[in-house]
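Structure data (mmCIF, C-alpha atoms and all ligand atoms) from upload18.cif:
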data_input
loop_
_atom_site.label_atom_id
_atom_site.label_comp_id
_atom_site.auth_asym_id
_atom_site.auth_seq_id
_atom_site.Cartn_x
_atom_site.Cartn_y
_atom_site.Cartn_z
CA ALA O 1044 72.39 88.74 -56.13
CA ILE O 1045 69.19 88.01 -54.26
CA SER O 1046 67.83 90.90 -52.31
CA LYS O 1047 64.33 89.87 -51.28
CA PRO O 1048 63.68 86.74 -49.25
CA LEU O 1049 62.32 83.92 -51.36
CA PRO O 1050 58.57 83.41 -51.14
CA GLU O 1051 57.39 80.22 -49.42
CA LEU O 1052 55.93 78.89 -52.64
CA PHE O 1053 59.41 78.13 -53.88
CA PHE O 1054 59.99 75.46 -51.26
CA VAL O 1055 59.26 71.78 -51.03
CA LYS O 1056 59.79 69.27 -48.28
CA PRO O 1057 63.08 67.42 -48.76
CA CYS O 1058 63.04 63.83 -49.93
CA LYS O 1059 63.41 61.03 -47.48
CA PRO O 1060 67.13 60.68 -46.93
CA ASN O 1061 68.41 57.68 -48.82
CA ASN O 1062 71.64 57.42 -46.86
CA ASN O 1063 70.68 54.29 -44.99
CA ASN O 1064 70.23 52.63 -48.40
CA PRO O 1065 68.75 49.20 -47.93
CA PRO O 1066 70.45 46.63 -50.16
CA ASN O 1067 67.40 46.56 -52.43
CA PHE O 1068 67.22 50.30 -52.91
CA PRO O 1069 66.45 50.78 -56.58
CA THR O 1070 69.05 52.09 -58.99
CA ILE O 1071 68.25 53.82 -62.23
CA PRO O 1072 68.27 51.38 -65.15
CA LEU O 1073 71.30 51.87 -67.36
CA ILE O 1074 70.87 50.85 -70.97
CA ASP O 1075 73.62 50.41 -73.52
CA LEU O 1076 71.97 51.07 -76.87
CA SER O 1077 74.80 49.31 -78.71
CA ARG O 1078 73.97 45.97 -77.11
CA SER O 1079 71.62 43.49 -78.74
CA ASP O 1080 69.83 42.72 -75.46
CA SER O 1081 68.85 46.36 -74.88
CA LYS O 1082 65.22 45.85 -76.06
CA HIS O 1083 64.34 43.66 -73.16
CA LEU O 1084 65.89 46.04 -70.63
CA LEU O 1085 64.18 49.02 -72.24
CA VAL O 1086 60.73 47.49 -71.81
CA LYS O 1087 61.52 46.47 -68.25
CA ALA O 1088 62.68 50.01 -67.41
CA CYS O 1089 59.55 51.57 -68.95
CA GLN O 1090 57.36 49.24 -66.92
CA GLU O 1091 59.14 49.52 -63.62
CA PHE O 1092 60.30 53.15 -63.58
CA GLY O 1093 59.23 54.94 -66.73
CA PHE O 1094 62.75 56.29 -66.53
CA PHE O 1095 66.23 55.16 -67.54
CA LYS O 1096 69.67 56.29 -68.61
CA VAL O 1097 71.21 55.49 -72.00
CA VAL O 1098 74.82 55.23 -73.09
CA ASN O 1099 76.24 54.63 -76.56
CA HIS O 1100 73.41 56.83 -77.74
CA GLY O 1101 75.03 57.97 -80.98
CA VAL O 1102 74.52 61.69 -80.39
CA PRO O 1103 77.85 63.35 -81.28
CA MET O 1104 79.47 65.07 -78.28
CA LYS O 1105 80.32 67.94 -80.61
CA PHE O 1106 76.59 68.75 -81.07
CA ILE O 1107 76.01 68.61 -77.33
CA SER O 1108 78.90 70.84 -76.32
CA LYS O 1109 78.25 73.43 -79.02
CA LEU O 1110 74.66 73.81 -77.93
CA GLU O 1111 75.59 73.85 -74.27
CA SER O 1112 78.04 76.70 -74.75
CA GLU O 1113 75.52 78.72 -76.80
CA ALA O 1114 72.92 78.17 -74.11
CA ILE O 1115 75.28 79.31 -71.35
CA LYS O 1116 76.10 82.39 -73.40
CA PHE O 1117 72.41 83.15 -73.77
CA PHE O 1118 71.50 82.69 -70.10
CA SER O 1119 74.52 84.76 -69.03
CA SER O 1120 73.38 87.74 -71.06
CA PRO O 1121 71.52 90.67 -69.49
CA LEU O 1122 67.92 90.05 -68.49
CA SER O 1123 66.69 92.86 -70.72
CA LEU O 1124 68.14 91.09 -73.74
CA LYS O 1125 66.78 87.67 -72.77
CA GLN O 1126 63.34 89.16 -72.25
CA LYS O 1127 63.31 90.16 -75.91
CA ALA O 1128 62.97 86.43 -76.61
CA GLY O 1129 59.91 86.19 -74.33
CA PRO O 1130 57.27 85.58 -73.17
CA PRO O 1131 57.25 81.79 -73.52
CA ASN O 1132 53.68 81.36 -74.69
CA PRO O 1133 53.73 79.42 -76.81
CA PHE O 1134 57.50 79.68 -77.47
CA GLY O 1135 60.30 81.85 -76.17
CA TYR O 1136 62.16 82.85 -73.02
CA GLY O 1137 60.62 82.32 -69.59
CA ASN O 1138 61.77 83.25 -66.10
CA LYS O 1139 60.45 81.67 -62.86
CA ARG O 1140 56.88 81.34 -64.10
CA LEU O 1141 55.96 77.91 -65.45
CA GLY O 1142 52.87 77.43 -67.54
CA GLN O 1143 49.85 79.70 -67.25
CA ASN O 1144 48.44 78.75 -63.90
CA GLY O 1145 50.63 80.19 -61.19
CA ASP O 1146 53.45 77.66 -60.98
CA PHE O 1147 56.85 79.05 -60.02
CA GLY O 1148 60.35 77.66 -60.00
CA TRP O 1149 63.92 78.82 -59.54
CA VAL O 1150 64.57 78.45 -63.27
CA GLU O 1151 64.96 80.30 -66.54
CA TYR O 1152 64.21 78.59 -69.81
CA LEU O 1153 63.73 78.67 -73.53
CA LEU O 1154 60.82 76.82 -75.06
CA LEU O 1155 61.09 76.12 -78.78
CA ASN O 1156 58.98 74.39 -81.37
CA ALA O 1157 61.10 71.33 -82.27
CA LYS O 1158 60.29 71.90 -85.94
CA LEU O 1159 62.54 74.95 -85.76
CA ASP O 1160 61.17 76.29 -89.01
CA GLN O 1161 59.19 79.22 -87.70
CA LYS O 1162 61.11 82.18 -86.41
CA ASN O 1163 60.21 81.49 -82.80
CA PRO O 1164 61.64 82.77 -80.61
CA PRO O 1165 63.62 85.46 -82.40
CA PHE O 1166 66.91 83.67 -82.94
CA SER O 1167 68.34 86.99 -84.02
CA ILE O 1168 68.80 88.07 -80.42
CA PHE O 1169 70.91 85.05 -79.45
CA ASP O 1170 73.99 85.73 -81.45
CA GLU O 1171 75.49 87.97 -84.03
CA ASN O 1172 74.88 85.07 -86.40
CA PRO O 1173 71.33 83.68 -86.04
CA GLU O 1174 71.84 81.14 -88.85
CA LYS O 1175 74.73 79.61 -86.97
CA ILE O 1176 72.79 79.12 -83.73
CA LEU O 1177 69.81 77.74 -85.60
CA ARG O 1178 72.14 75.17 -87.22
CA ILE O 1179 73.50 74.20 -83.80
CA VAL O 1180 70.02 73.68 -82.35
CA LYS O 1181 68.89 71.76 -85.44
CA ASP O 1182 71.89 69.42 -85.38
CA TYR O 1183 71.23 68.61 -81.74
CA VAL O 1184 67.47 68.18 -82.04
CA THR O 1185 67.77 66.04 -85.18
CA ALA O 1186 70.26 63.68 -83.50
CA VAL O 1187 68.23 63.39 -80.30
CA LYS O 1188 65.00 62.80 -82.19
CA LYS O 1189 66.70 60.00 -84.13
CA MET O 1190 67.75 58.38 -80.86
CA ALA O 1191 64.23 58.75 -79.43
CA CYS O 1192 62.82 57.04 -82.54
CA GLU O 1193 65.32 54.18 -82.27
CA ILE O 1194 64.31 53.63 -78.66
CA LEU O 1195 60.61 53.70 -79.57
CA GLU O 1196 61.23 51.14 -82.33
CA LEU O 1197 63.13 48.84 -79.99
CA LEU O 1198 60.24 49.11 -77.52
CA ALA O 1199 57.68 48.28 -80.23
CA ASP O 1200 59.81 45.29 -81.33
CA GLU O 1201 60.03 43.90 -77.85
CA LEU O 1202 56.27 44.36 -77.37
CA LYS O 1203 55.79 42.51 -80.71
CA LEU O 1204 53.92 45.46 -82.19
CA LYS O 1205 53.70 45.84 -85.94
CA PRO O 1206 54.71 47.93 -87.71
CA ARG O 1207 57.72 48.62 -85.52
CA ASN O 1208 57.29 52.32 -86.13
CA VAL O 1209 53.85 52.52 -84.39
CA PHE O 1210 55.31 54.93 -81.85
CA SER O 1211 58.19 56.49 -83.74
CA LYS O 1212 56.05 57.48 -86.73
CA LEU O 1213 54.27 59.98 -84.48
CA LEU O 1214 57.55 61.81 -83.91
CA MET O 1215 58.59 61.43 -87.56
CA ASP O 1216 55.31 62.87 -88.82
CA GLU O 1217 55.61 66.23 -90.54
CA GLN O 1218 52.89 67.47 -88.15
CA SER O 1219 54.48 66.06 -84.99
CA ASP O 1220 53.88 68.47 -82.11
CA SER O 1221 57.26 68.18 -80.43
CA VAL O 1222 58.92 70.72 -78.18
CA PHE O 1223 62.49 71.52 -77.32
CA ARG O 1224 63.33 73.10 -74.01
CA VAL O 1225 66.51 74.43 -72.40
CA ASN O 1226 66.34 74.96 -68.64
CA TYR O 1227 68.88 76.98 -66.71
CA TYR O 1228 68.82 76.70 -62.92
CA PRO O 1229 70.99 79.47 -61.49
CA PRO O 1230 72.79 78.72 -58.22
CA CYS O 1231 70.92 80.07 -55.23
CA PRO O 1232 73.42 81.25 -52.60
CA ASP O 1233 70.76 81.94 -49.96
CA LEU O 1234 69.84 78.33 -50.12
CA GLN O 1235 72.29 76.88 -47.62
CA GLU O 1236 70.50 78.58 -44.81
CA HIS O 1237 67.18 77.12 -45.97
CA GLU O 1238 68.76 73.72 -46.48
CA THR O 1239 69.82 73.68 -42.87
CA LYS O 1240 66.18 74.30 -41.98
CA GLY O 1241 65.38 71.11 -43.87
CA LYS O 1242 63.80 72.76 -46.89
CA LYS O 1243 64.60 72.49 -50.55
CA LEU O 1244 64.16 75.18 -53.14
CA ILE O 1245 62.14 74.03 -56.07
CA GLY O 1246 63.68 74.49 -59.51
CA PHE O 1247 60.91 72.78 -61.48
CA GLY O 1248 57.95 71.42 -59.54
CA GLU O 1249 56.80 67.81 -59.66
CA HIS O 1250 54.98 66.77 -62.81
CA THR O 1251 54.72 64.15 -65.51
CA ASP O 1252 55.39 64.98 -69.15
CA PRO O 1253 52.26 64.89 -71.32
CA GLN O 1254 53.98 63.77 -74.54
CA ILE O 1255 55.15 60.32 -75.69
CA ILE O 1256 58.80 60.39 -74.73
CA SER O 1257 61.27 62.91 -73.28
CA VAL O 1258 65.02 62.91 -73.82
CA LEU O 1259 67.03 64.87 -71.27
CA ARG O 1260 70.66 65.79 -71.13
CA SER O 1261 72.13 67.91 -68.35
CA ASN O 1262 75.50 69.21 -67.27
CA ASN O 1263 77.11 67.60 -64.24
CA THR O 1264 75.00 69.46 -61.65
CA SER O 1265 72.53 67.40 -59.64
CA GLY O 1266 68.91 68.38 -59.02
CA LEU O 1267 66.73 65.95 -60.94
CA GLU O 1268 64.62 63.66 -58.77
CA ILE O 1269 62.18 60.95 -59.74
CA SER O 1270 59.25 59.73 -57.71
CA LEU O 1271 59.35 56.05 -56.77
CA ARG O 1272 56.31 53.82 -56.40
CA ASP O 1273 56.36 54.16 -52.60
CA GLY O 1274 56.05 57.94 -52.97
CA SER O 1275 59.63 58.71 -51.99
CA TRP O 1276 61.92 60.85 -54.15
CA MET O 1277 65.14 59.51 -55.53
CA SER O 1278 67.80 61.91 -56.66
CA VAL O 1279 69.29 61.11 -60.08
CA PRO O 1280 73.10 61.44 -60.17
CA PRO O 1281 73.87 63.74 -63.09
CA ASP O 1282 75.87 62.40 -66.04
CA SER O 1283 76.68 64.81 -68.83
CA ASN O 1284 77.79 62.00 -71.16
CA SER O 1285 74.51 60.12 -71.04
CA PHE O 1286 70.88 60.81 -71.77
CA PHE O 1287 67.94 60.26 -69.46
CA ILE O 1288 64.72 59.11 -71.03
CA ASN O 1289 61.28 59.26 -69.57
CA VAL O 1290 57.95 57.84 -70.59
CA GLY O 1291 55.29 60.49 -71.15
CA ASP O 1292 51.56 60.29 -70.38
CA SER O 1293 50.69 59.53 -74.03
CA LEU O 1294 52.93 56.46 -74.10
CA GLN O 1295 51.40 55.29 -70.84
CA VAL O 1296 47.98 55.48 -72.51
CA MET O 1297 49.10 53.81 -75.76
CA THR O 1298 50.48 50.89 -73.73
CA ASN O 1299 47.31 50.82 -71.59
CA GLY O 1300 49.28 51.55 -68.44
CA ARG O 1301 52.07 49.01 -69.00
CA PHE O 1302 54.62 51.80 -69.27
CA LYS O 1303 54.65 54.37 -66.51
CA SER O 1304 54.83 58.10 -67.04
CA VAL O 1305 57.26 59.04 -64.32
CA LYS O 1306 56.70 61.90 -61.89
CA HIS O 1307 59.84 64.01 -61.61
CA ARG O 1308 61.06 67.39 -60.37
CA VAL O 1309 64.21 69.47 -60.09
CA VAL O 1310 65.54 71.01 -56.89
CA ALA O 1311 67.85 74.01 -56.97
CA ASN O 1312 71.50 73.97 -56.00
CA SER O 1313 73.20 76.48 -53.74
CA SER O 1314 76.53 76.67 -55.55
CA LYS O 1315 76.43 75.28 -59.11
CA SER O 1316 74.20 76.12 -62.02
CA ARG O 1317 72.36 73.33 -63.75
CA LEU O 1318 71.69 73.35 -67.47
CA SER O 1319 69.40 70.79 -69.04
CA MET O 1320 68.08 70.39 -72.55
CA ILE O 1321 65.03 68.29 -73.18
CA TYR O 1322 63.37 67.08 -76.35
CA PHE O 1323 59.68 66.22 -75.85
CA GLY O 1324 58.49 63.93 -78.63
CA GLY O 1325 54.78 64.46 -79.21
CA PRO O 1326 52.25 63.27 -81.79
CA PRO O 1327 50.42 65.41 -84.37
CA LEU O 1328 47.60 67.46 -82.80
CA SER O 1329 44.91 65.46 -84.62
CA GLU O 1330 46.30 62.08 -83.51
CA LYS O 1331 43.92 59.87 -81.53
CA ILE O 1332 45.66 58.57 -78.43
CA ALA O 1333 44.33 55.26 -77.14
CA PRO O 1334 45.72 51.87 -76.13
CA LEU O 1335 47.05 50.05 -79.19
CA PRO O 1336 44.61 47.25 -80.10
CA SER O 1337 47.45 44.93 -81.10
CA LEU O 1338 48.87 45.14 -77.61
CA MET O 1339 45.70 44.40 -75.71
CA GLU O 1340 45.13 40.93 -74.34
CA ARG O 1341 41.80 39.32 -75.09
CA GLU O 1342 39.11 40.84 -72.84
CA GLU O 1343 41.52 43.52 -71.69
CA ALA O 1344 39.65 46.76 -71.15
CA SER O 1345 41.05 50.17 -72.00
CA LEU O 1346 41.92 52.11 -68.87
CA TYR O 1347 41.47 55.42 -70.66
CA LYS O 1348 38.87 57.36 -72.57
CA GLU O 1349 40.09 58.08 -76.07
CA PHE O 1350 41.36 61.59 -76.77
CA THR O 1351 43.24 63.48 -79.44
CA TRP O 1352 46.61 64.94 -78.60
CA PHE O 1353 45.04 68.37 -79.12
CA GLU O 1354 42.44 67.64 -76.42
CA TYR O 1355 45.00 66.31 -74.00
CA LYS O 1356 47.41 69.14 -74.60
CA LYS O 1357 44.68 71.72 -74.10
CA SER O 1358 43.66 70.09 -70.86
CA ALA O 1359 47.32 69.83 -69.76
CA PHE O 1360 48.02 73.48 -70.43
CA ASN O 1361 45.02 74.41 -68.29
CA SER O 1362 46.32 72.38 -65.38
CA ARG O 1363 48.79 73.06 -62.61
CA LEU O 1364 52.18 71.39 -62.78
CA SER O 1365 51.49 68.85 -60.03
CA ASP O 1366 47.94 67.97 -61.16
CA ASN O 1367 47.21 64.39 -62.08
CA ARG O 1368 46.42 65.25 -65.71
CA LEU O 1369 45.71 61.71 -66.86
CA GLY O 1370 43.17 61.32 -64.07
CA LEU O 1371 40.61 63.25 -66.14
CA PHE O 1372 40.90 60.65 -68.89
CA GLU O 1373 40.81 57.51 -66.81
CA LYS O 1374 37.81 55.22 -67.12
CA ARG O 1375 36.22 54.30 -63.88
C1 LIG T 1401 55.84 69.70 -68.78
C2 LIG T 1401 56.66 69.16 -69.97
C3 LIG T 1401 57.15 70.28 -70.90
O1 LIG T 1401 58.21 71.01 -70.28
C4 LIG T 1401 56.01 71.28 -71.25
C5 LIG T 1401 55.56 71.91 -69.93
C6 LIG T 1401 54.50 73.01 -69.99
C7 LIG T 1401 55.10 74.43 -69.93
O2 LIG T 1401 56.14 74.64 -69.34
O3 LIG T 1401 54.45 75.33 -70.47
C8 LIG T 1401 53.53 72.74 -68.80
C9 LIG T 1401 53.96 71.34 -68.23
C10 LIG T 1401 54.83 70.74 -69.31
C11 LIG T 1401 52.76 70.44 -67.89
C12 LIG T 1401 51.48 71.17 -67.35
C13 LIG T 1401 51.34 72.61 -67.88
C14 LIG T 1401 52.06 72.74 -69.21
C15 LIG T 1401 53.50 73.77 -67.67
C16 LIG T 1401 52.20 73.51 -67.02
C17 LIG T 1401 51.84 73.97 -65.81
C18 LIG T 1401 56.42 72.25 -72.33
C19 LIG T 1401 54.78 70.49 -71.57
O4 LIG T 1401 54.42 70.11 -72.67
O5 LIG T 1401 54.05 70.22 -70.42
#
Can I see the file as structure tokens?
Ligand code: GA4
Amino acid sequence: AISKPLPELFFVKPCKPNNNNPPNFPTIPLIDLSRSDSKHLLVKACQEFGFFKVVNHGVPMKFISKLESEAIKFFSSPLSLKQKAGPPNPFGYGNKRLGQNGDFGWVEYLLLNAKLDQKNPPFSIFDENPEKILRIVKDYVTAVKKMACEILELLADELKLKPRNVFSKLLMDEQSDSVFRVNYYPPCPDLQEHETKGKKLIGFGEHTDPQIISVLRSNNTSGLEISLRDGSWMSVPPDSNSFFINVGDSLQVMTNGRFKSVKHRVVANSSKSRLSMIYFGGPPLSEKIAPLPSLMEREEASLYKEFTWFEYKKSAFNSRLSDNRLGLFEKR
């Protein structure tokens, strides 16, 4: 139950209503990974949106549903218990606060190191059987990482980059700095009143992902929105049987701006809870991120100053969610 009124900082202006959809209103690219022509569509989607949906993804439904039910169990447990898995810096349970710089959202979450070898956060609090839950998370993350690597290899193929693992090797590296996150957006009953005033409650504020690629799966509750080129927000219809992929800042840099790191956000729902799980594929900390020479046309200039993933990550974690993080690394 919500007792206090929600502070103003939780609200955003609603997106332009899309109900008078012009015939050319964009739709989210849908890619069937089992089809041989998917490479071409993948590159097109990364260039035009930096965002797309995949089906026939090969991640067993069993892995997804097991993890989903464990996550729901965790977020339904008493706050005092959940807090034992916090704070989320660098890994663990977080509630409403996002990052270190005063961002807030109507969300609870778990941030995990995708390596899942360290004992962070204490898995022991999740379940009577910590080994079991660790197995469930590992099965899911391993399958999703495999899919992310396949997508990255198809992209490299279509861009004629050699070796075809130029991108995927960064995720496969023993030192890969990848993160796994589970977000739980509780329903917000007070919201209807605010909605009628034309406001939306922010679940997760607008941002781009700093890594290479993000793989998101959610339950059937809406909330995710992506920013279109004209600055309007498009709401993404949820689909619990598919995955949504987005290009991260690092992939934008490695493709010298050909692929777009998409700005996205989540708005809260007044009646249904939303659960999403996201794998963020990142490079090793020491990796130099720069446009791939083999991709550059003759005379093409790099749009970015070279940086290591460590430098970019440090800068990102010192920023606010909505900051234009890549801006600091653009050449001008
Ligand atoms: C966005 C993508 C990932 O969720 C994340 C986020 C991180 C955090 O929640 O701690 C950040 C955010 C994300 C970008 C800017 C900084 C760092 C919160 C924030 C204000 C784990 C990541 O890598 O960057």
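Considering only C-alpha atoms, the residue among O:Gly1291, O:Pro1281, O:Pro1173, O:Gly1148 positioned nearest to Asn1226 in chain O is O:Gly1148.
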Listing only residues of range 1234-1288 of chain O within 6 Å of range 1095-1106 of chain O, what is the closest atom pair and its distance in Å (to one decimal) for each, using all atoms listed in the file, sorted by chain and residue number ascending, as CSV?
residue,atom,partner,partner_atom,distance
O:Ser1285,CA,O:Val1098,CA,5.3
O:Phe1286,CA,O:Val1097,CA,5.3
O:Phe1287,CA,O:Lys1096,CA,4.4
O:Ile1288,CA,O:Phe1095,CA,5.5
Mind working out the centre and edge lengths of an axis-aligned box for range 1118-1123 of chain O, all listed atoms inside, 5 Å added to each side, rounded to one decimal in Å and written as JSON?
{"center_x": 70.6, "center_y": 87.8, "center_z": -69.8, "size_x": 17.8, "size_y": 20.2, "size_z": 12.6}
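Coordinates place atom O5 of ligand LIG 1401 (chain T) at a distance of 20.8 Å from CA of Lys1212 in chain O.
The residues sitting within 7 Å of ligand LIG 1401 (chain T), with only C-alpha atoms and all ligand atoms considered, come out as Leu1141, Gly1142, Gln1143, Asn1144, Asp1146, Leu1154, Val1222, Arg1224, His1250, Thr1251, Asp1252, Pro1253, Gln1254, Phe1323, Ala1359, Phe1360, Asn1361, Ser1362, Arg1363 and Leu1364 of chain O.
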*How many Å separate CA of Ile1332 in chain O from CA of Phe1350 in chain O?*
5.5 Å
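Taking only C-alpha atoms into account, Asn1299 in chain O lies nearest to O:Lys1374 out of the set O:Lys1374, O:Lys1181, O:Lys1243, O:Arg1260.
Residues lying at most 10 Å from (63.4, 59.3, -80.4) in file coordinates, with all atoms listed in the file considered, are Val1184, Thr1185, Ala1186, Val1187, Lys1188, Lys1189, Met1190, Ala1191, Cys1192, Glu1193, Ile1194, Leu1195, Glu1196, Phe1210, Ser1211, Lys1212, Leu1214, Met1215, Ile1255, Ile1256, Ser1257, Val1258, Ile1288, Tyr1322, Phe1323 and Gly1324 of chain O.
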Output the selection as a compact mmCIF listing (two decimals), in the frame of the given file - C-alpha atoms for each residue.
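The resulting file, out_21.txt, is reproduced below:
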# COMPACT_ATOMS: atom_id res chain seq x y z
CA VAL O 1184 67.47 68.18 -82.04
CA THR O 1185 67.77 66.04 -85.18
CA ALA O 1186 70.26 63.68 -83.50
CA VAL O 1187 68.23 63.39 -80.30
CA LYS O 1188 65.00 62.80 -82.19
CA LYS O 1189 66.70 60.00 -84.13
CA MET O 1190 67.75 58.38 -80.86
CA ALA O 1191 64.23 58.75 -79.43
CA CYS O 1192 62.82 57.04 -82.54
CA GLU O 1193 65.32 54.18 -82.27
CA ILE O 1194 64.31 53.63 -78.66
CA LEU O 1195 60.61 53.70 -79.57
CA GLU O 1196 61.23 51.14 -82.33
CA PHE O 1210 55.31 54.93 -81.85
CA SER O 1211 58.19 56.49 -83.74
CA LYS O 1212 56.05 57.48 -86.73
CA LEU O 1214 57.55 61.81 -83.91
CA MET O 1215 58.59 61.43 -87.56
CA ILE O 1255 55.15 60.32 -75.69
CA ILE O 1256 58.80 60.39 -74.73
CA SER O 1257 61.27 62.91 -73.28
CA VAL O 1258 65.02 62.91 -73.82
CA ILE O 1288 64.72 59.11 -71.03
CA TYR O 1322 63.37 67.08 -76.35
CA PHE O 1323 59.68 66.22 -75.85
CA GLY O 1324 58.49 63.93 -78.63
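Using only C-alpha atoms, every residue with an atom at most 7 Å from the point (72.8, 78.5, -50.7) is listed here: Cys1231, Pro1232, Asp1233, Leu1234, Gln1235, Glu1236, Ser1313 and Ser1314 of chain O.
Closest to Ile1071 in chain O among O:Arg1301, O:Lys1087, O:Lys1203, O:Arg1308 is O:Lys1087, based on only C-alpha atoms.
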*Considering all atoms listed in the file, return as a PyMOL selection string whatever protein or nucleic-acid residues lie within 12 Å of Asn1156 in chain O, sequence-local ones (same chain, fewer than 5 positions apart) excluded.*
chain O and resi 1131-1135+1161-1164+1180-1181+1184+1218-1225+1321-1325
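The space separating CA of Leu1318 in chain O from CA of Tyr1228 in chain O comes to 6.3 Å.
For the set O:Lys1348, O:Lys1205, O:Lys1306, O:Arg1078, the residue with the smallest atom-to-atom gap to Phe1372 in chain O is O:Lys1348, counting only C-alpha atoms.
Nearest residue to Phe1169 in chain O, choosing from O:Ala1199, O:Ile1269, O:Ala1114, O:Leu1155 and counting only C-alpha atoms: O:Ala1114.
The nearest approach to Val1055 in chain O among the residues O:Ala1344, O:Leu1338, O:Ile1245, O:Leu1198, with all atoms listed in the file taken into account, belongs to O:Ile1245.
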